[in-house]
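First the structure, in the form of structure tokens, and then the observations on it.
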2 protein chains.
Amino acid sequence: MLRIGELSRRVGVSDHVLRAWESRYGLLKPARSAGGFRLYSEADENRVRRMRAHLADGLSTAEAAHVAVAEERAGSIATEVVDAGGRTGLVDYADVLRQALAELDEPAAQALLDRLLADFTVETVLRDVVVPYLHELGERWERGAISVAQEHFASHVIRGRLASLARGWGNGRGPHVLLACPPGELHDLALLVFGIVLHRNGWRVRYLGANTPVEDLIQVTDDMGPNLVVLTATTPERIADVVPELSRLAEMAPLALAGAGATKDLAHNIGARLLTEDPVTAAEHVDGS
Amino acid sequence: MLRIGELSRRVGVSDHVLRAWESRYGLLKPARSAGGFRLYSEADENRVRRMRAHLADGLSTAEAAHVAVAEERAGSIATEVVDAGGRTGLVDYADVLRQALAELDEPAAQALLDRLLADFTVETVLRDVVVPYLHELGERWERGAISVAQEHFASHVIRGRLASLARGWGNGRGPHVLLACPPGELHDLALLVFGIVLHRNGWRVRYLGANTPVEDLIQVTDDMGPNLVVLTATTPERIADVVPELSRLAEMAPLALAGAGATKDLAHNIGARLLTEDPVTAAEHVDGS
DNA sequence: TAGGGTCCGTCTAGAGCCTGTATAGATATA
DNA sequence: TATATCTATACAGGCTCTAGACGGACCCTA
């Protein structure tokens with residue numbers, strides 16, 4: 001821990017200026033000694049150096065400070081993630097994600113996901129962070145513990161990331177899977193996760209998404225002849241309402257049901273497989289034959 | 001974000017001239033700092049460089065400025081002629097896109113979009129391909145000329161591409177815009193396009209998406225103090241149903257209405273601005289003040 | 001070729017913004 | 001005690017703002 005004079009000497013910025021940058025731009029937030037002296041860390045020193053670099057690039061003082069702070073933010077999440085990743089797994093990062101999204105802070109959420117995806121496999125991030133977060137989101141949603149605005153915002157950010165992971169999932173030469181949710185079912189993010197992992201395991205994905213009439217499913221199945229059709233639902237009614245139609249579908253192509261709404265009985269009645277694991281694990285275990 | 005002195009140094013054009021080109025030819029539309037200083041983006045820097053290139057080619061100042069602005073729209077770096085050809089060429093791509101998506105052929109659609117985005121600016125692709133395609137999709141949807149499966153499939157692919165263009169749109173230091181659709185309105189893709197272009201013009205975007213209760217909008221507006229709130233609706237009822245609430249919102253922050261459902265009367269009654277142009281053009285014309 | 005119009009880079013003046021530096025009086029540290 | 005640091009405020013100089021004027025270069029027309 002350095003006091004202001006020492007920091008000033010090290011970075012070549014006068015103590016007056018350091019205080020000005022602190023009060024005017026929030027560049028530094030030093031700890032304080034018992035008597036009130038500023039105590040700076042190594043991170044603070046680095047931040048000042050980056051600030052000076054940006055000034056040398058021609059940015060205005062205010063702008064340079066802003067950029068230096070913004071960089072710091074992404075960086076700190078990064079190291080934190082890597083540290084925690086080694087020890088405890090990533091599950092805690094669902095919390096960080098939750099907080100960023102609850103505050104409608106898109107940059108923070110994206111930065112976190114960037115870091116996670118840079119350091120871990122897609123499967124790990126999806127299984128340990130995204131899926132737990134989605135569960136929590138769904139549960140808060142049901143409890144009314146979250147505003148519509150928050151839910152929409154979070155869904156949009158997550159959907160955007162998943163969509164970019166899904167890019168090109170119709171490509172390839174592997175077996176062919178058709179994904180959809182039954183009529184009335186609006187939650188398709190877990191299905192997206194499932195499809196992403198399937199594609200990474202060699203499948204070609206056709207995705208129809210939420211709230212799809214079974215009639216259309218049958219039509220597409222007839223046209224395309226998929227090797228597998230997977231439906232997800234969060235409540236049993238969504239499936240129970242269309243049992244006869246799904247039975248017909250199950251005769252046309254192998255059918256699997258997943259999600260909290262998929263019960264053993266329903267699957268049995270329809271003649272479908274039941275997938276009980278989380279979307280990532282389930283996708284890894286599905287057999288392409 | 002650069003101030004005028006730094007931009008002047010970088011591009012080798014005096015600050016006086018930069019201001020003259022701005023006021024005389026509309027070459028630049030810099031954001032402003034709280035104190036009124038011009039703040040230039042990288043895009044502005046590039047535009048000035050192109051302007052200089054055209055001057056060096058012998059064009060008059062007015063002409064060079066016109067071309068520099070126009071080619072940003074037309075997108076093609078190669079075209080030195082102000083061409084109508086690029087445009088007719090592009091319009092046909094909406095057809096190709098429509099066909100790929102109608103056949104549920106994700107790889108073909110993605111490949112087309114990859115190609116377009118490599119060759120043209122984001123604005124051009126959105127304005128001349130994506131937005132026309134969305135209009136057509138909406139119209140077929142109303143006519144029942146398209147299956148639910150096709151509509152879902154197409155929406156998902158387009159949404160995914162737009163989401164990746166939207167990545168990071170909450171970043172930056174420009175003015176702050178809140179985007180949403182009123183309750184009952186489910187079509188938010190054009191709003192996504194609008195947000196993407198706004199961000200490329202320096203705005204920070206907070207996106208709440210389709211079907212958002214006005215109560216939540218008011219809440220978020222109160223918390224965040226956006227510089228602008230924009231709502232889109234495809235039918236007037238969506239807006240007409242919540243006129244009193246929107247009037248209240250309009251008193252809290254500048255409000256703009258857009259989309260086919262936004263009428264002059266509604267906007268007037270609510271005390272909101274009306275955006276009548278296509279999403280791309282409208283976003284380019286929105287004033288940050 | 002002269003005269004007038006237009007284009008466009010440059011300049012000015014007065015006001016306001018941005019930012020490094022200075023000052024004063026009190027308190028902390030060694 | 002001597003030095004370092006604290007907070008709060010003031011200030012100066014450079015940068016930028018707006019609005020307009022100026023003048024050289026060019027083009028048209030008579």
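Ordered as shown in the structure tokens, chains take letters A, B, and onward, while each chain numbers its residues from 1 and ligands are numbered from 1 in the order shown.
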Just asking: which residues within region 12-237 of chain A are strand (DSSP E) according to DSSP, as a PyMOL selection string? chain A and resi 31-32+38-39+176-180+204-209+228-232
With N, CA and C atoms retained, could you export that selection as a short mmCIF file (atom, residue, chain, number, x, y, z; two decimals), in the first residue's frame?
data_model
loop_
_atom_site.label_atom_id
_atom_site.label_comp_id
_atom_site.auth_asym_id
_atom_site.auth_seq_id
_atom_site.Cartn_x
_atom_site.Cartn_y
_atom_site.Cartn_z
N ALA A 31 -8.05 2.99 -0.59
CA ALA A 31 -8.39 2.74 0.81
C ALA A 31 -7.86 3.90 1.64
N ARG A 32 -8.24 3.94 2.89
CA ARG A 32 -7.77 5.03 3.75
C ARG A 32 -7.10 4.46 4.99
N ARG A 38 -4.77 8.49 1.98
CA ARG A 38 -5.07 7.56 0.88
C ARG A 38 -4.01 6.46 0.83
N LEU A 39 -4.48 5.25 0.63
CA LEU A 39 -3.57 4.11 0.51
C LEU A 39 -3.85 3.42 -0.83
N HIS A 176 -29.90 -35.32 -38.14
CA HIS A 176 -30.71 -34.15 -38.31
C HIS A 176 -31.73 -34.09 -37.17
N VAL A 177 -31.77 -32.98 -36.43
CA VAL A 177 -32.71 -32.89 -35.32
C VAL A 177 -33.62 -31.68 -35.50
N LEU A 178 -34.86 -31.85 -35.14
CA LEU A 178 -35.84 -30.77 -35.21
C LEU A 178 -36.22 -30.38 -33.79
N LEU A 179 -36.09 -29.10 -33.48
CA LEU A 179 -36.35 -28.63 -32.11
C LEU A 179 -37.52 -27.67 -32.08
N ALA A 180 -38.36 -27.83 -31.06
CA ALA A 180 -39.49 -26.91 -30.93
C ALA A 180 -40.08 -27.00 -29.53
N ARG A 204 -27.04 -31.74 -37.08
CA ARG A 204 -27.56 -30.58 -37.79
C ARG A 204 -28.89 -30.21 -37.15
N VAL A 205 -29.06 -28.93 -36.86
CA VAL A 205 -30.22 -28.49 -36.09
C VAL A 205 -31.17 -27.67 -36.96
N ARG A 206 -32.45 -28.01 -36.89
CA ARG A 206 -33.50 -27.12 -37.43
C ARG A 206 -34.32 -26.67 -36.23
N TYR A 207 -34.47 -25.39 -36.11
CA TYR A 207 -35.03 -24.84 -34.89
C TYR A 207 -36.32 -24.08 -35.18
N LEU A 208 -37.41 -24.51 -34.58
CA LEU A 208 -38.68 -23.80 -34.78
C LEU A 208 -39.07 -22.96 -33.57
N GLY A 209 -38.47 -23.26 -32.42
CA GLY A 209 -38.65 -22.37 -31.27
C GLY A 209 -39.97 -22.53 -30.54
N LEU A 228 -34.44 -37.07 -35.48
CA LEU A 228 -34.95 -36.93 -34.13
C LEU A 228 -35.74 -35.62 -34.04
N VAL A 229 -36.81 -35.68 -33.23
CA VAL A 229 -37.54 -34.45 -32.93
C VAL A 229 -37.53 -34.29 -31.42
N VAL A 230 -37.20 -33.09 -30.94
CA VAL A 230 -37.18 -32.86 -29.49
C VAL A 230 -38.09 -31.69 -29.15
N LEU A 231 -38.96 -31.93 -28.18
CA LEU A 231 -39.86 -30.88 -27.70
C LEU A 231 -39.56 -30.61 -26.23
N THR A 232 -39.60 -29.33 -25.86
CA THR A 232 -39.46 -29.03 -24.42
C THR A 232 -40.66 -28.22 -23.95
#
Test item: chain B residues at most 8 Å from chain C, counting only C-alpha atoms (C1' of nucleotides), as number ranges by chain: B: 16-17, 35, 61
Selected residues, N, CA and C atoms, written as a PDB file, in the first residue's frame, please.
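Writing done, so here's result_27.pdb:
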ATOM      1  N   HIS B  16     -10.977  24.785 -37.785  1.00  0.00           N
ATOM      2  CA  HIS B  16     -11.890  25.704 -38.465  1.00  0.00           C
ATOM      3  C   HIS B  16     -12.577  25.009 -39.630  1.00  0.00           C
ATOM      4  N   VAL B  17     -11.776  24.311 -40.394  1.00  0.00           N
ATOM      5  CA  VAL B  17     -12.327  23.657 -41.579  1.00  0.00           C
ATOM      6  C   VAL B  17     -13.300  22.551 -41.176  1.00  0.00           C
ATOM      7  N   GLY B  35     -20.618  19.961 -21.697  1.00  0.00           N
ATOM      8  CA  GLY B  35     -20.354  21.385 -21.837  1.00  0.00           C
ATOM      9  C   GLY B  35     -20.495  21.908 -23.254  1.00  0.00           C
ATOM     10  N   THR B  61     -15.148  20.723 -52.985  1.00  0.00           N
ATOM     11  CA  THR B  61     -15.384  20.448 -51.572  1.00  0.00           C
ATOM     12  C   THR B  61     -16.807  19.966 -51.331  1.00  0.00           C
TER      13      THR B  61
END
Contact table chain A vs chain B, cut-off 6 Å, shortest pair per residue, only C-alpha atoms, as a Markdown table:
| residue | atom | partner | partner_atom | distance |
| --- | --- | --- | --- | --- |
| A:Glu106 | CA | B:Gly170 | CA | 5.6 |
| A:Pro107 | CA | B:Asn171 | CA | 5.7 |
| A:Ala149 | CA | B:Leu208 | CA | 5.7 |
| A:His152 | CA | B:Leu208 | CA | 5.4 |
| A:Phe153 | CA | B:Leu208 | CA | 5.0 |
| A:Gly160 | CA | B:Ala163 | CA | 4.6 |
| A:Ala163 | CA | B:Gly160 | CA | 4.6 |
| A:Gly168 | CA | B:Pro107 | CA | 5.7 |
| A:Gly170 | CA | B:Glu106 | CA | 5.5 |
| A:Asn171 | CA | B:Pro107 | CA | 5.7 |
| A:Leu208 | CA | B:Phe153 | CA | 5.0 |
| A:Asp216 | CA | B:Ala149 | CA | 5.8 |
Extract, using only C-alpha atoms (C1' of nucleotides), all DNA, RNA and protein residues at most 10 Å from region 254-261 of chain B, discarding same-chain residues fewer than 4 positions from it, and format them as a PyMOL selection string. chain B and resi 177-179+181+185+190-191+194+226-240+246-247+249-250+266-267+270-279+282+286
Chain D residues within 10 Å of chain A, counting only C-alpha atoms (C1' of nucleotides): which ones, as a CSV table (one decimal) with C-alpha atoms (C1' of nucleotides), in the first residue's frame?
chain,number,residue,atom,x,y,z
D,4,DA,C1',3.3,14.5,4.6
D,5,DT,C1',-1.4,14.5,3.8
D,6,DC,C1',-6.2,16.0,4.3
Using DSSP on the backbone coordinates, identify all residues within region 108-242 of chain A classified as alpha helix (DSSP H); present the result as a ChimeraX atom specification. /A:108-119,122-125,131-143,148-166,189-200,214-224,236-240
Report, in Å with one decimal, the straight-line distance from CA of Asp188 (chain A) to CA of His187 (chain B).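 Separation between CA of Asp188 (chain A) and CA of His187 (chain B): 16.9 Å.
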I want to know what sits within 12 Å of Val122 (chain A), based on only C-alpha atoms (C1' of nucleotides), with residues of the same chain fewer than 3 positions away left out; could you give that as a ChimeraX atom specification? /A:113-119,125-131,161-162,164-166,193-194,196-201,280
For those residues, write C-alpha atoms to a file as a PDB file, in the first residue's frame.
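Final output, saved to again_18.pdb:
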ATOM      1  CA  LEU A 113     -19.727 -13.996 -20.742  1.00  0.00           C
ATOM      2  CA  ASP A 114     -16.809 -13.029 -22.968  1.00  0.00           C
ATOM      3  CA  ARG A 115     -14.390 -13.947 -20.260  1.00  0.00           C
ATOM      4  CA  LEU A 116     -16.111 -17.171 -19.382  1.00  0.00           C
ATOM      5  CA  LEU A 117     -16.284 -18.288 -22.991  1.00  0.00           C
ATOM      6  CA  ALA A 118     -12.645 -17.394 -23.514  1.00  0.00           C
ATOM      7  CA  ASP A 119     -11.504 -19.441 -20.554  1.00  0.00           C
ATOM      8  CA  VAL A 125     -20.292 -22.212 -19.397  1.00  0.00           C
ATOM      9  CA  LEU A 126     -23.730 -23.323 -20.493  1.00  0.00           C
ATOM     10  CA  ARG A 127     -24.024 -26.076 -17.906  1.00  0.00           C
ATOM     11  CA  ASP A 128     -22.573 -24.249 -14.931  1.00  0.00           C
ATOM     12  CA  VAL A 129     -23.578 -20.663 -15.519  1.00  0.00           C
ATOM     13  CA  VAL A 130     -26.243 -20.163 -18.143  1.00  0.00           C
ATOM     14  CA  VAL A 131     -28.563 -23.046 -17.334  1.00  0.00           C
ATOM     15  CA  ARG A 161     -25.397 -14.840 -26.884  1.00  0.00           C
ATOM     16  CA  LEU A 162     -27.007 -18.199 -27.471  1.00  0.00           C
ATOM     17  CA  SER A 164     -24.430 -16.348 -31.839  1.00  0.00           C
ATOM     18  CA  LEU A 165     -23.319 -19.712 -30.446  1.00  0.00           C
ATOM     19  CA  ALA A 166     -26.039 -21.288 -32.545  1.00  0.00           C
ATOM     20  CA  VAL A 193     -28.840 -24.493 -25.218  1.00  0.00           C
ATOM     21  CA  PHE A 194     -29.738 -28.051 -26.021  1.00  0.00           C
ATOM     22  CA  ILE A 196     -26.096 -25.672 -29.417  1.00  0.00           C
ATOM     23  CA  VAL A 197     -24.588 -28.633 -27.612  1.00  0.00           C
ATOM     24  CA  LEU A 198     -26.153 -31.056 -30.059  1.00  0.00           C
ATOM     25  CA  HIS A 199     -24.554 -29.214 -32.958  1.00  0.00           C
ATOM     26  CA  ARG A 200     -21.200 -29.334 -31.227  1.00  0.00           C
ATOM     27  CA  ASN A 201     -21.695 -33.072 -31.109  1.00  0.00           C
ATOM     28  CA  VAL A 280     -26.216 -29.765 -21.828  1.00  0.00           C
TER      29      VAL A 280
END
